[in-house]
>>> print(open('final.csv').read())   # CSV, C-alpha atoms
chain,number,residue,atom,x,y,z
A,52,MET,CA,89.9,80.5,-3.1
A,53,GLU,CA,87.3,80.5,-0.4
A,54,VAL,CA,84.1,82.3,-1.3
A,55,SER,CA,82.6,82.2,2.1
A,56,SER,CA,84.1,81.2,5.4
A,57,GLU,CA,80.9,81.3,7.5
A,58,SER,CA,80.2,77.9,9.0
A,59,SER,CA,77.5,76.2,11.0
A,60,PRO,CA,77.8,75.7,14.8
A,61,THR,CA,80.1,72.9,15.9
A,62,GLY,CA,78.9,69.6,17.3
A,63,ARG,CA,77.6,68.1,14.0
A,64,LEU,CA,79.3,65.7,11.6
A,65,LYS,CA,81.5,67.7,9.2
A,66,VAL,CA,80.8,66.7,5.6
A,67,GLY,CA,82.4,68.0,2.4
A,68,PHE,CA,80.6,67.9,-1.0
A,69,VAL,CA,82.7,68.0,-4.1
A,70,LEU,CA,81.3,68.9,-7.6
A,71,HIS,CA,82.3,70.6,-10.8
A,72,LEU,CA,80.3,73.7,-10.0
A,73,MET,CA,77.0,74.4,-8.4
A,74,GLN,CA,75.0,75.0,-11.6
A,75,VAL,CA,71.3,74.3,-12.1
A,76,ALA,CA,71.4,70.5,-12.7
A,77,GLY,CA,70.4,67.3,-11.0
A,78,ALA,CA,73.4,66.4,-8.9
A,79,GLU,CA,73.8,70.0,-7.7
A,80,VAL,CA,70.1,70.4,-6.8
A,81,LEU,CA,70.4,67.1,-4.8
A,82,VAL,CA,73.4,68.4,-2.9
A,83,ALA,CA,71.7,71.7,-2.1
A,84,GLU,CA,68.6,69.8,-0.8
A,85,THR,CA,70.8,67.5,1.2
A,86,ILE,CA,72.5,70.4,2.9
A,87,ARG,CA,69.2,72.2,3.6
A,88,ARG,CA,67.4,69.1,5.0
A,89,LEU,CA,70.3,67.8,7.1
A,90,LYS,CA,71.6,71.2,8.3
A,91,ASP,CA,70.7,70.3,11.9
A,92,GLN,CA,72.8,67.1,11.7
A,93,ILE,CA,75.8,67.9,9.5
A,94,GLU,CA,78.2,70.9,9.1
A,95,PRO,CA,78.7,71.2,5.3
A,96,THR,CA,81.4,72.6,3.1
A,97,ILE,CA,81.0,72.7,-0.7
A,98,PHE,CA,84.1,72.3,-2.9
A,99,CYS,CA,83.7,73.3,-6.6
A,100,LEU,CA,86.4,72.4,-9.1
A,101,ASP,CA,85.5,74.9,-11.8
A,102,GLY,CA,83.4,77.8,-10.4
A,103,VAL,CA,80.6,78.7,-8.1
A,104,GLY,CA,77.4,78.6,-10.3
A,105,GLN,CA,73.9,79.9,-9.8
A,106,ILE,CA,73.0,77.4,-7.0
A,107,GLY,CA,76.4,78.0,-5.4
A,108,GLU,CA,75.6,81.7,-5.1
A,109,ARG,CA,72.4,80.9,-3.3
A,110,MET,CA,74.2,78.5,-0.9
A,111,ILE,CA,76.7,81.2,-0.1
A,112,ALA,CA,73.8,83.6,0.6
A,113,GLU,CA,72.4,81.0,3.0
A,114,GLY,CA,75.6,80.9,4.9
A,115,ILE,CA,77.1,77.7,3.6
A,116,PRO,CA,80.9,77.7,3.2
A,117,LEU,CA,81.9,77.2,-0.5
A,118,VAL,CA,85.5,76.8,-1.7
A,119,ASN,CA,86.2,77.4,-5.4
A,120,LEU,CA,89.3,75.3,-6.2
A,121,GLY,CA,89.9,77.1,-9.5
A,122,ARG,CA,90.9,74.1,-11.5
A,123,LYS,CA,93.1,74.9,-14.6
A,124,PRO,CA,92.4,73.2,-18.0
A,125,GLY,CA,93.8,69.7,-18.2
A,126,LEU,CA,95.0,67.7,-15.3
A,127,ASP,CA,95.6,70.1,-12.4
A,128,TRP,CA,97.4,68.2,-9.6
A,129,LYS,CA,97.4,71.3,-7.4
A,130,VAL,CA,93.6,71.0,-6.9
A,131,ALA,CA,94.1,67.8,-4.8
A,132,TRP,CA,96.6,69.6,-2.6
A,133,ARG,CA,94.4,72.6,-2.1
A,134,MET,CA,91.4,70.4,-1.3
A,135,ALA,CA,93.5,68.4,1.2
A,136,ARG,CA,94.6,71.5,2.9
A,137,GLU,CA,91.0,72.8,3.3
A,138,ILE,CA,89.7,69.4,4.5
A,139,ARG,CA,92.4,69.2,7.2
A,140,LYS,CA,91.9,72.8,8.3
A,141,ARG,CA,88.2,72.3,8.6
A,142,LYS,CA,88.5,68.8,10.1
A,143,ILE,CA,86.1,67.3,7.7
A,144,ARG,CA,85.3,63.7,8.4
A,145,VAL,CA,83.3,62.6,5.3
A,146,VAL,CA,83.7,63.8,1.7
A,147,HIS,CA,80.9,63.1,-0.7
A,148,ALA,CA,82.1,63.5,-4.4
A,149,HIS,CA,79.4,63.7,-7.1
A,150,GLN,CA,80.6,62.4,-10.5
A,151,TYR,CA,83.9,61.0,-11.6
A,152,SER,CA,86.2,64.1,-11.9
A,153,PRO,CA,85.3,65.5,-8.4
A,154,PHE,CA,85.9,62.0,-7.0
A,155,PHE,CA,89.2,61.7,-8.9
A,156,TYR,CA,90.6,64.9,-7.2
A,157,ALA,CA,89.1,64.0,-3.8
A,158,ALA,CA,90.7,60.6,-3.9
A,159,LEU,CA,94.1,62.1,-4.7
A,160,ALA,CA,93.5,64.6,-1.8
A,161,LYS,CA,93.5,61.6,0.6
A,162,ILE,CA,97.2,61.3,0.3
A,163,PRO,CA,98.3,64.8,1.3
A,164,ALA,CA,95.4,64.8,3.8
A,165,ARG,CA,97.0,61.7,5.4
A,166,PHE,CA,93.8,59.7,4.9
A,167,SER,CA,92.0,61.8,7.5
A,168,PHE,CA,88.6,61.5,5.9
A,169,ARG,CA,86.3,58.9,4.4
A,170,LEU,CA,85.3,59.2,0.8
A,171,ILE,CA,82.1,58.5,-1.1
A,172,LEU,CA,81.6,58.4,-4.9
A,173,THR,CA,78.2,59.0,-6.3
A,174,GLU,CA,77.7,58.5,-10.0
A,175,HIS,CA,74.9,60.4,-11.8
A,176,GLY,CA,74.7,60.7,-15.6
A,177,ARG,CA,77.2,59.4,-18.2
A,178,HIS,CA,78.7,60.9,-21.3
A,179,TYR,CA,77.4,59.8,-24.7
A,180,PRO,CA,79.0,58.0,-26.3
A,181,ASP,CA,80.3,56.5,-23.1
A,182,VAL,CA,83.9,55.7,-23.9
A,183,VAL,CA,86.6,55.1,-21.2
A,184,SER,CA,90.2,54.5,-22.0
A,185,TRP,CA,91.8,51.2,-20.8
A,186,LYS,CA,94.4,53.3,-18.9
A,187,ARG,CA,91.7,55.1,-16.9
A,188,ARG,CA,89.9,51.8,-16.3
A,189,TRP,CA,93.0,50.1,-14.9
A,190,PHE,CA,93.9,53.2,-12.8
A,191,ASN,CA,90.4,53.1,-11.3
A,192,ARG,CA,90.6,49.3,-10.6
A,193,LEU,CA,94.1,49.3,-9.1
A,194,PHE,CA,94.1,52.6,-7.3
A,195,LEU,CA,91.0,54.8,-7.1
A,196,ASP,CA,88.6,52.0,-6.2
A,197,ARG,CA,90.7,51.3,-3.1
A,198,LEU,CA,90.6,55.0,-2.0
A,199,ALA,CA,86.8,55.1,-2.1
A,200,ASN,CA,85.1,54.0,1.2
A,201,ALA,CA,81.7,53.8,-0.5
A,202,VAL,CA,80.5,53.8,-4.1
A,203,ASN,CA,77.0,54.3,-5.2
A,204,ALA,CA,74.9,55.4,-8.2
A,205,CYS,CA,71.5,57.1,-8.7
A,206,CYS,CA,70.2,54.3,-10.9
A,207,GLU,CA,71.1,50.8,-12.1
A,208,PHE,CA,72.2,52.2,-15.5
A,209,SER,CA,74.9,54.4,-13.8
A,210,ALA,CA,75.9,51.6,-11.4
A,211,TYR,CA,76.5,49.2,-14.4
A,212,ALA,CA,78.6,51.9,-16.1
A,213,LEU,CA,80.8,52.2,-12.9
A,214,MET,CA,81.4,48.5,-13.1
A,215,GLU,CA,81.6,47.8,-16.9
A,216,LYS,CA,83.1,51.1,-18.1
A,217,GLU,CA,85.1,52.3,-15.1
A,218,GLY,CA,86.3,49.1,-13.6
A,219,PHE,CA,84.9,49.5,-10.0
A,220,ARG,CA,84.2,46.3,-8.1
A,221,ALA,CA,80.5,45.3,-8.7
A,222,ASN,CA,80.0,43.9,-5.2
A,223,ARG,CA,80.5,47.2,-3.5
A,224,ILE,CA,78.3,49.5,-5.7
A,225,GLU,CA,75.0,50.4,-4.2
A,226,VAL,CA,72.1,52.1,-5.9
A,227,ILE,CA,70.6,55.1,-4.0
A,228,GLU,CA,67.8,56.4,-6.1
A,229,ASN,CA,67.3,60.2,-6.6
A,230,GLY,CA,64.3,61.6,-4.8
A,231,ILE,CA,62.1,64.7,-4.9
A,232,ASP,CA,60.1,66.7,-2.4
A,233,LEU,CA,56.6,65.6,-3.0
A,234,THR,CA,55.1,68.5,-1.1
A,235,ARG,CA,56.3,70.8,-3.9
A,236,TYR,CA,54.8,68.8,-6.7
A,237,CYS,CA,51.1,67.8,-7.1
A,238,GLU,CA,48.3,68.1,-9.6
A,239,ALA,CA,46.9,71.7,-10.0
A,240,ALA,CA,43.8,72.5,-7.9
A,241,ASP,CA,42.8,75.3,-10.4
A,242,LEU,CA,44.2,74.5,-13.8
A,243,ASP,CA,42.5,77.4,-15.6
A,244,SER,CA,44.0,80.0,-13.3
A,245,LEU,CA,47.4,78.4,-13.6
A,246,ARG,CA,47.3,78.4,-17.4
A,247,GLU,CA,46.2,82.0,-17.4
A,248,LYS,CA,49.3,82.8,-15.4
A,249,PHE,CA,51.5,81.6,-18.2
A,250,GLY,CA,49.3,82.9,-21.0
A,251,PHE,CA,48.3,79.3,-22.0
A,252,SER,CA,45.1,78.7,-23.9
A,253,LYS,CA,42.4,76.7,-22.2
A,254,THR,CA,41.7,74.8,-25.4
A,255,ARG,CA,45.2,73.9,-26.5
A,256,LYS,CA,47.4,71.0,-25.4
A,257,TYR,CA,50.9,71.7,-24.1
A,258,ILE,CA,54.0,69.5,-24.0
A,259,ALA,CA,56.8,70.7,-21.7
A,260,CYS,CA,60.5,69.9,-21.5
A,261,VAL,CA,62.6,71.1,-18.7
A,262,ALA,CA,66.3,70.7,-19.5
A,263,ARG,CA,69.5,72.6,-20.3
A,264,PHE,CA,70.0,73.3,-24.0
A,265,HIS,CA,72.8,70.9,-24.5
A,266,PRO,CA,73.4,68.3,-27.3
A,267,VAL,CA,72.8,65.3,-24.9
A,268,LYS,CA,69.3,66.5,-24.3
A,269,ASP,CA,68.5,66.5,-28.0
A,270,HIS,CA,65.8,69.2,-28.1
A,271,ALA,CA,66.2,69.2,-31.9
A,272,MET,CA,64.5,65.8,-32.0
A,273,LEU,CA,61.7,67.0,-29.8
A,274,ILE,CA,61.1,70.1,-32.0
A,275,ARG,CA,61.0,67.9,-35.1
A,276,ALA,CA,58.4,65.6,-33.4
A,277,VAL,CA,56.2,68.6,-32.6
A,278,ALA,CA,56.6,69.9,-36.2
A,279,ARG,CA,55.3,66.5,-37.4
A,280,LEU,CA,52.0,67.1,-35.6
A,281,THR,CA,51.3,70.2,-37.7
A,282,GLY,CA,49.2,68.3,-40.3
A,283,THR,CA,47.8,65.8,-37.8
A,284,ASP,CA,46.9,67.9,-34.8
A,285,SER,CA,47.8,71.6,-34.9
A,286,ASN,CA,46.3,72.0,-31.4
A,287,ILE,CA,49.6,71.0,-29.6
A,288,ASP,CA,52.2,73.5,-28.5
A,289,LEU,CA,55.7,72.9,-27.0
A,290,VAL,CA,57.0,74.7,-23.9
A,291,LEU,CA,60.8,74.7,-23.4
A,292,VAL,CA,62.2,75.6,-20.0
A,293,GLY,CA,65.9,76.1,-19.6
A,294,ASP,CA,68.8,77.7,-21.3
A,295,GLY,CA,72.2,76.9,-22.7
A,296,PRO,CA,74.6,77.2,-25.6
A,297,LEU,CA,72.3,75.6,-28.2
A,298,ARG,CA,69.4,78.1,-27.7
A,299,PRO,CA,70.2,80.2,-30.8
A,300,GLN,CA,70.4,77.0,-32.9
A,301,LEU,CA,67.1,75.7,-31.6
A,302,GLU,CA,65.4,79.0,-32.1
A,303,ALA,CA,66.6,79.0,-35.7
A,304,GLN,CA,65.3,75.4,-36.2
A,305,VAL,CA,61.9,76.5,-35.0
A,306,ARG,CA,61.9,79.4,-37.5
A,307,ASP,CA,63.0,77.1,-40.3
A,308,LEU,CA,60.2,74.7,-39.5
A,309,LYS,CA,57.7,77.6,-39.4
A,310,ILE,CA,56.4,76.6,-36.0
A,311,GLU,CA,57.3,79.8,-34.1
A,312,LYS,CA,53.7,80.2,-32.8
A,313,ARG,CA,53.7,76.7,-31.4
A,314,VAL,CA,57.0,76.7,-29.5
A,315,LYS,CA,57.6,78.9,-26.4
A,316,PHE,CA,61.1,79.4,-24.9
A,317,LEU,CA,60.5,80.3,-21.3
A,318,GLY,CA,64.2,80.4,-20.1
A,319,ILE,CA,65.4,79.5,-16.6
A,320,ARG,CA,62.4,79.6,-14.2
A,321,ASN,CA,61.9,79.4,-10.5
A,322,ASP,CA,58.3,78.2,-10.9
A,323,VAL,CA,58.9,74.9,-12.7
A,324,ALA,CA,56.4,73.1,-10.5
A,325,ASP,CA,53.6,75.4,-11.6
A,326,ILE,CA,54.7,75.0,-15.3
A,327,LEU,CA,54.5,71.2,-14.9
A,328,ARG,CA,51.1,71.4,-13.4
A,329,ALA,CA,49.9,73.7,-16.2
A,330,VAL,CA,50.9,71.4,-19.1
A,331,ASP,CA,49.4,68.2,-20.4
A,332,ILE,CA,52.5,66.1,-21.2
A,333,PHE,CA,56.2,66.1,-20.1
A,334,ALA,CA,58.9,65.1,-22.6
A,335,LEU,CA,62.5,64.2,-22.2
A,336,THR,CA,64.2,63.2,-25.5
A,337,SER,CA,67.9,62.8,-24.3
A,338,VAL,CA,70.4,60.6,-26.2
A,339,SER,CA,71.7,59.6,-22.7
A,340,GLU,CA,70.1,60.1,-19.3
A,341,ALA,CA,70.5,58.7,-15.8
A,342,ALA,CA,67.7,59.5,-13.3
A,343,SER,CA,66.3,62.9,-14.2
A,344,LEU,CA,64.8,64.9,-11.3
A,345,THR,CA,62.6,66.9,-13.7
A,346,LEU,CA,61.1,63.6,-15.0
A,347,LEU,CA,60.3,62.6,-11.4
A,348,GLU,CA,58.8,66.1,-10.7
A,349,ALA,CA,56.6,65.8,-13.8
A,350,MET,CA,55.4,62.4,-12.7
A,351,ALA,CA,54.7,63.7,-9.2
A,352,CYS,CA,52.5,66.3,-10.8
A,353,SER,CA,50.5,63.5,-12.3
A,354,ARG,CA,51.6,64.2,-15.9
A,355,PRO,CA,51.9,61.4,-18.5
A,356,VAL,CA,55.5,61.4,-19.9
A,357,VAL,CA,57.2,60.6,-23.1
A,358,VAL,CA,60.9,59.7,-22.8
A,359,THR,CA,63.6,58.2,-24.9
A,360,ASP,CA,64.4,54.5,-24.1
A,361,VAL,CA,67.9,55.2,-22.8
A,362,GLY,CA,69.9,55.1,-19.6
A,363,GLY,CA,67.9,55.1,-16.4
A,364,ASN,CA,64.6,56.2,-18.1
A,365,PRO,CA,63.3,52.6,-18.4
A,366,GLU,CA,63.9,52.1,-14.7
A,367,ILE,CA,61.6,55.0,-13.9
A,368,VAL,CA,59.0,55.0,-16.7
A,369,ARG,CA,57.0,51.8,-17.3
A,370,GLU,CA,56.0,51.5,-20.9
A,371,GLY,CA,52.3,52.1,-21.4
A,372,ILE,CA,51.7,52.5,-17.6
A,373,ASP,CA,53.4,55.8,-16.6
A,374,GLY,CA,54.0,57.0,-20.1
A,375,PHE,CA,55.7,56.0,-23.4
A,376,ARG,CA,59.3,55.2,-24.2
A,377,VAL,CA,60.6,55.9,-27.7
A,378,PRO,CA,63.9,55.1,-29.5
A,379,ARG,CA,66.6,57.8,-29.3
A,380,ASN,CA,66.5,60.3,-32.2
A,381,ASP,CA,63.1,58.9,-33.5
A,382,ASP,CA,60.9,61.9,-33.9
A,383,ALA,CA,58.2,59.9,-35.7
A,384,ALA,CA,57.8,57.6,-32.8
A,385,CYS,CA,57.8,60.5,-30.4
A,386,ALA,CA,55.1,62.3,-32.3
A,387,ALA,CA,53.0,59.2,-32.4
A,388,ALA,CA,53.3,58.9,-28.6
A,389,PHE,CA,52.2,62.4,-28.1
A,390,LEU,CA,49.1,61.8,-30.3
A,391,LYS,CA,48.1,58.7,-28.3
A,392,ILE,CA,48.1,60.6,-25.1
A,393,VAL,CA,46.4,63.7,-26.5
A,394,GLN,CA,43.6,61.7,-28.2
A,395,ASP,CA,42.9,59.5,-25.2
A,396,PRO,CA,42.2,61.6,-22.1
A,397,ALA,CA,41.4,58.5,-20.0
A,398,LEU,CA,44.8,57.0,-20.9
A,399,ALA,CA,46.5,60.3,-20.0
A,400,LYS,CA,44.8,60.4,-16.6
A,401,ARG,CA,45.7,56.8,-15.8
A,402,MET,CA,49.3,57.3,-16.8
A,403,GLY,CA,49.5,60.5,-14.7
A,404,GLU,CA,48.0,58.8,-11.6
A,405,SER,CA,50.3,55.8,-12.0
A,406,GLY,CA,53.4,58.0,-12.3
A,407,ARG,CA,52.5,59.9,-9.2
A,408,LYS,CA,52.1,56.7,-7.2
A,409,ARG,CA,55.4,55.3,-8.5
A,410,VAL,CA,57.3,58.4,-7.3
A,411,GLU,CA,55.5,58.2,-3.9
A,412,GLU,CA,56.7,54.6,-3.5
A,413,ILE,CA,60.3,54.8,-4.7
A,414,TYR,CA,61.6,58.3,-5.5
A,415,THR,CA,61.0,60.6,-2.4
A,416,LEU,CA,63.6,63.0,-1.2
A,417,GLU,CA,63.1,61.9,2.4
A,418,ARG,CA,64.0,58.3,1.4
A,419,THR,CA,67.1,59.4,-0.5
A,420,LEU,CA,68.4,61.6,2.3
A,421,GLN,CA,67.8,59.1,5.0
A,422,ARG,CA,70.0,56.6,3.1
A,423,TYR,CA,72.8,59.2,2.6
A,424,LYS,CA,72.6,60.3,6.3
A,425,LYS,CA,72.9,56.6,7.4
A,426,LEU,CA,75.9,56.2,5.1
A,427,TYR,CA,77.6,59.4,6.5
A,428,GLU,CA,77.1,58.1,10.1
A,429,GLN,CA,78.4,54.6,9.3
A,430,LEU,CA,81.6,56.0,7.6
A,431,ALA,CA,82.3,58.5,10.4
>>> encode(input="final.csv", output="C-alpha cells")
Amino acid sequence: MEVSSESSPTGRLKVGFVLHLMQVAGAEVLVAETIRRLKDQIEPTIFCLDGVGQIGERMIAEGIPLVNLGRKPGLDWKVAWRMAREIRKRKIRVVHAHQYSPFFYAALAKIPARFSFRLILTEHGRHYPDVVSWKRRWFNRLFLDRLANAVNACCEFSAYALMEKEGFRANRIEVIENGIDLTRYCEAADLDSLREKFGFSKTRKYIACVARFHPVKDHAMLIRAVARLTGTDSNIDLVLVGDGPLRPQLEAQVRDLKIEKRVKFLGIRNDVADILRAVDIFALTSVSEAASLTLLEAMACSRPVVVTDVGGNPEIVREGIDGFRVPRNDDAACAAAFLKIVQDPALAKRMGESGRKRVEEIYTLERTLQRYKKLYEQLA
C-alpha cells in the first residue's frame, strides 16, 4: 500500500531504501538523514516491510514517497513481488536495504524486477545471542550473496558477523562507519540554564541513557548499578530517555529498589542533544550493540561514557581515554566506573574532550554520506 505518491523532481538518481519500519532507531535515523542531506542529488522512495513508524510519518509529511509493503507473519513471498512492481514502476536504479530481512526481500525482488536495479546490503546491529542456522548461511553464500552488488556494515563487529555468521564473502564487505551531525551536538554554553530547563539540580550528578526499553539494551543492569551507589554516593541520579515494552517492568524495579527519587523516566524526546549536554555521564549497558548513534552524540557533547564491552563499542570507546568499558551484566563494575568519573572531575573533562575529538575525526555524518553517495553513483 502506498502511503504517499508525491515524489521529487526528475533528473536525479532514483534510490530506494528498504527497512522493517521507520521507527526511532539508529538505521532509520541514518536513512532519514541520508534522504534529507542528499535530496538535491537523489530521488528517494522508502519501502517498509512492517509499517510506517514515527520517523516514517515525518518523512511523508516532508513529501517523501513511502510504500508500506504490509508483510504478513512468517515468510511472505508476495512482499518481494510487490516491491519489484513498485521498483519497476518508479524506475529505481539503486536499492539500499538496511538489515538482513529487508535485504532478503529486496534480493528476491530482483528476479521479478528482471534485475533492473543494483542492490546494497548494510548491516547494523545483531541479535543476541547471535545464532544463524546452517540453512540460512548456505542460502546466503550460494544465492543471496550473488544478488548483492555491494555489502557493507556500520562497524567491524557487524562486518565480521556478516562473514562468520551469515556466510557472505569477506573480501567484498566494506565498513562505512555511522556518523552524526556535529553542528547539533556540542558542550553546553550555559550549563546552569540548561539544567534548570529539565529541573535538574546544580549540585547533583546525572547519568543519562538514551535507548528504547528493550531486553537487548539491559536497562535493568544500569538501574542496579545506580542502586549500588546509594551507600557510596547518593548524589548521583539516573535519567532514562526512551520508551518501549519494558517500561512498566523497569519502573517496578526502581520502586522495588527504593530509588524512585533518583531515577527519572523522560520518555521519547525531541531535545536529546540538550539532555546530553545537561548531564555528566552517558551510559549504554547493552548486551549487544553495533555502532550506537546516541553514544556518538554523547561523545560529541564532550561527555565521558560508560559502555558494556560488547559489539562495536570497543571500536568507538577507547578504555580509559574516552570512557570506561565494563563486562556485560556486571552492575558492580558499572557502578565503580561511574564513581571513578564522578570523583575525578579532571578525568571526566579529559575523557569528554577526547571523545569529542574522536567523533570529529571518524564519525561525522558528512563523511558517512559522502561514502554512500559515491557508492550509489558507482553502482548506477
>>> residues_around(input="final.csv", residues="range 361-369 of chain A", least_positions_apart="6", cutoff="10 Å", atoms="all atoms listed in the file", output="PyMOL selection string")
chain A and resi 175-177+205-209+212+335-343+346-347+350+355+375-379+402+405-406+409-410+413-414
>>> closest_residue(input="final.csv", among="A:Ala112, A:Ala239, A:Cys260, A:Leu390", to="Val358 in chain A", atoms="only C-alpha atoms")
A:Cys260
>>> closest_residue(input="final.csv", among="A:Lys312, A:Arg320, A:Phe194, A:Ala397", to="Arg220 in chain A", atoms="all atoms listed in the file")
A:Phe194
>>> closest_residue(input="final.csv", among="A:His149, A:Lys268, A:Arg246, A:Lys315", to="Leu327 in chain A", atoms="all atoms listed in the file")
A:Arg246
>>> residues_around(input="final.csv", residues="Val66 in chain A", least_positions_apart="5", cutoff="10 Å", atoms="all atoms listed in the file", output="PDB file with C-alpha atoms, in the coordinates of the input")
ATOM      1  CA  ILE A  86      72.500  70.400   2.900  1.00  0.00           C
ATOM      2  CA  ILE A  93      75.800  67.900   9.500  1.00  0.00           C
ATOM      3  CA  GLU A  94      78.200  70.900   9.100  1.00  0.00           C
ATOM      4  CA  PRO A  95      78.700  71.200   5.300  1.00  0.00           C
ATOM      5  CA  THR A  96      81.400  72.600   3.100  1.00  0.00           C
ATOM      6  CA  ILE A  97      81.000  72.700  -0.700  1.00  0.00           C
ATOM      7  CA  ILE A 138      89.700  69.400   4.500  1.00  0.00           C
ATOM      8  CA  ARG A 141      88.200  72.300   8.600  1.00  0.00           C
ATOM      9  CA  LYS A 142      88.500  68.800  10.100  1.00  0.00           C
ATOM     10  CA  ILE A 143      86.100  67.300   7.700  1.00  0.00           C
ATOM     11  CA  ARG A 144      85.300  63.700   8.400  1.00  0.00           C
ATOM     12  CA  VAL A 145      83.300  62.600   5.300  1.00  0.00           C
ATOM     13  CA  VAL A 146      83.700  63.800   1.700  1.00  0.00           C
ATOM     14  CA  HIS A 147      80.900  63.100  -0.700  1.00  0.00           C
ATOM     15  CA  PHE A 168      88.600  61.500   5.900  1.00  0.00           C
ATOM     16  CA  ARG A 169      86.300  58.900   4.400  1.00  0.00           C
ATOM     17  CA  LEU A 170      85.300  59.200   0.800  1.00  0.00           C
ATOM     18  CA  TYR A 427      77.600  59.400   6.500  1.00  0.00           C
ATOM     19  CA  ALA A 431      82.300  58.500  10.400  1.00  0.00           C
TER      20      ALA A 431
END
>>> residues_around(input="final.csv", residues="Ala399 in chain A", least_positions_apart="5", cutoff="10 Å", atoms="all atoms listed in the file", output="ChimeraX atom specification")
/A:331-332,353-356,372-374,391-394,404-405
>>> closest_residue(input="final.csv", among="A:Glu225, A:Glu174, A:Glu417, A:Asp181", to="Leu213 in chain A", atoms="all atoms listed in the file")
A:Glu174
>>> atom_distance(input="final.csv", atom1="CA of Val183 in chain A", atom2="CA of Gln74 in chain A")
25.0 Å
>>> atom_distance(input="final.csv", atom1="CA of Val292 in chain A", atom2="CA of Ala259 in chain A")
7.5 Å
>>> atom_distance(input="final.csv", atom1="CA of Ser184 in chain A", atom2="CA of Val69 in chain A")
23.6 Å
>>> closest_residue(input="final.csv", among="A:Arg401, A:Asp395, A:Gly318, A:Glu238", to="Val330 in chain A", atoms="only C-alpha atoms")
A:Glu238
>>> closest_residue(input="final.csv", among="A:Ile287, A:Val226, A:Ile162, A:Ala201", to="Thr254 in chain A", atoms="all atoms listed in the file")
A:Ile287
>>> residues_near_point(input="final.csv", point="(46.1, 78.7, -16.2)", cutoff="12 Å", atoms="all atoms listed in the file", output="mmCIF file with C-alpha atoms, in the frame of the given file")
data_model
loop_
_atom_site.group_PDB
_atom_site.id
_atom_site.type_symbol
_atom_site.label_atom_id
_atom_site.label_comp_id
_atom_site.auth_asym_id
_atom_site.auth_seq_id
_atom_site.Cartn_x
_atom_site.Cartn_y
_atom_site.Cartn_z
ATOM 1 C CA ALA A 239 46.900 71.700 -10.000
ATOM 2 C CA ALA A 240 43.800 72.500 -7.900
ATOM 3 C CA ASP A 241 42.800 75.300 -10.400
ATOM 4 C CA LEU A 242 44.200 74.500 -13.800
ATOM 5 C CA ASP A 243 42.500 77.400 -15.600
ATOM 6 C CA SER A 244 44.000 80.000 -13.300
ATOM 7 C CA LEU A 245 47.400 78.400 -13.600
ATOM 8 C CA ARG A 246 47.300 78.400 -17.400
ATOM 9 C CA GLU A 247 46.200 82.000 -17.400
ATOM 10 C CA LYS A 248 49.300 82.800 -15.400
ATOM 11 C CA PHE A 249 51.500 81.600 -18.200
ATOM 12 C CA GLY A 250 49.300 82.900 -21.000
ATOM 13 C CA PHE A 251 48.300 79.300 -22.000
ATOM 14 C CA SER A 252 45.100 78.700 -23.900
ATOM 15 C CA LYS A 253 42.400 76.700 -22.200
ATOM 16 C CA THR A 254 41.700 74.800 -25.400
ATOM 17 C CA ARG A 255 45.200 73.900 -26.500
ATOM 18 C CA TYR A 257 50.900 71.700 -24.100
ATOM 19 C CA ASP A 325 53.600 75.400 -11.600
ATOM 20 C CA ILE A 326 54.700 75.000 -15.300
ATOM 21 C CA LEU A 327 54.500 71.200 -14.900
ATOM 22 C CA ARG A 328 51.100 71.400 -13.400
ATOM 23 C CA ALA A 329 49.900 73.700 -16.200
ATOM 24 C CA VAL A 330 50.900 71.400 -19.100
ATOM 25 C CA ASP A 331 49.400 68.200 -20.400
#
>>> residues_around(input="final.csv", residues="Asn200 in chain A", least_positions_apart="3", cutoff="9 Å", atoms="all atoms listed in the file", output="PyMOL selection string")
chain A and resi 169-172+196-197+430
>>> write_last_selection(input="final.csv", atoms="C-alpha atoms", output="CSV table (one decimal), in the coordinates of the input")
chain,number,residue,atom,x,y,z
A,169,ARG,CA,86.3,58.9,4.4
A,170,LEU,CA,85.3,59.2,0.8
A,171,ILE,CA,82.1,58.5,-1.1
A,172,LEU,CA,81.6,58.4,-4.9
A,196,ASP,CA,88.6,52.0,-6.2
A,197,ARG,CA,90.7,51.3,-3.1
A,430,LEU,CA,81.6,56.0,7.6
>>> decode(input="final.csv", residues="range 315-321 of chain A", atoms="N, CA, C and O atoms", output="mmCIF file, in the first residue's frame")
data_model
loop_
_atom_site.group_PDB
_atom_site.id
_atom_site.type_symbol
_atom_site.label_atom_id
_atom_site.label_comp_id
_atom_site.auth_asym_id
_atom_site.auth_seq_id
_atom_site.Cartn_x
_atom_site.Cartn_y
_atom_site.Cartn_z
ATOM 1 N N LYS A 315 14.770 9.174 36.755
ATOM 2 C CA LYS A 315 13.771 9.963 36.030
ATOM 3 C C LYS A 315 13.501 9.309 34.679
ATOM 4 O O LYS A 315 14.427 9.087 33.900
ATOM 5 N N PHE A 316 12.233 8.996 34.395
ATOM 6 C CA PHE A 316 11.819 8.479 33.095
ATOM 7 C C PHE A 316 11.290 9.662 32.272
ATOM 8 O O PHE A 316 10.232 10.208 32.567
ATOM 9 N N LEU A 317 12.019 10.043 31.231
ATOM 10 C CA LEU A 317 11.646 11.230 30.448
ATOM 11 C C LEU A 317 10.866 10.910 29.180
ATOM 12 O O LEU A 317 10.401 11.825 28.496
ATOM 13 N N GLY A 318 10.749 9.614 28.830
ATOM 14 C CA GLY A 318 10.007 9.248 27.627
ATOM 15 C C GLY A 318 10.781 9.572 26.358
ATOM 16 O O GLY A 318 11.981 9.861 26.376
ATOM 17 N N ILE A 319 10.075 9.549 25.228
ATOM 18 C CA ILE A 319 10.687 9.894 23.941
ATOM 19 C C ILE A 319 10.762 11.407 23.835
ATOM 20 O O ILE A 319 9.773 12.103 24.053
ATOM 21 N N ARG A 320 11.919 11.926 23.491
ATOM 22 C CA ARG A 320 12.134 13.369 23.467
ATOM 23 C C ARG A 320 12.668 13.836 22.125
ATOM 24 O O ARG A 320 13.331 13.085 21.411
ATOM 25 N N ASN A 321 12.378 15.094 21.822
ATOM 26 C CA ASN A 321 12.936 15.724 20.623
ATOM 27 C C ASN A 321 14.111 16.644 20.958
ATOM 28 O O ASN A 321 14.656 17.295 20.070
#
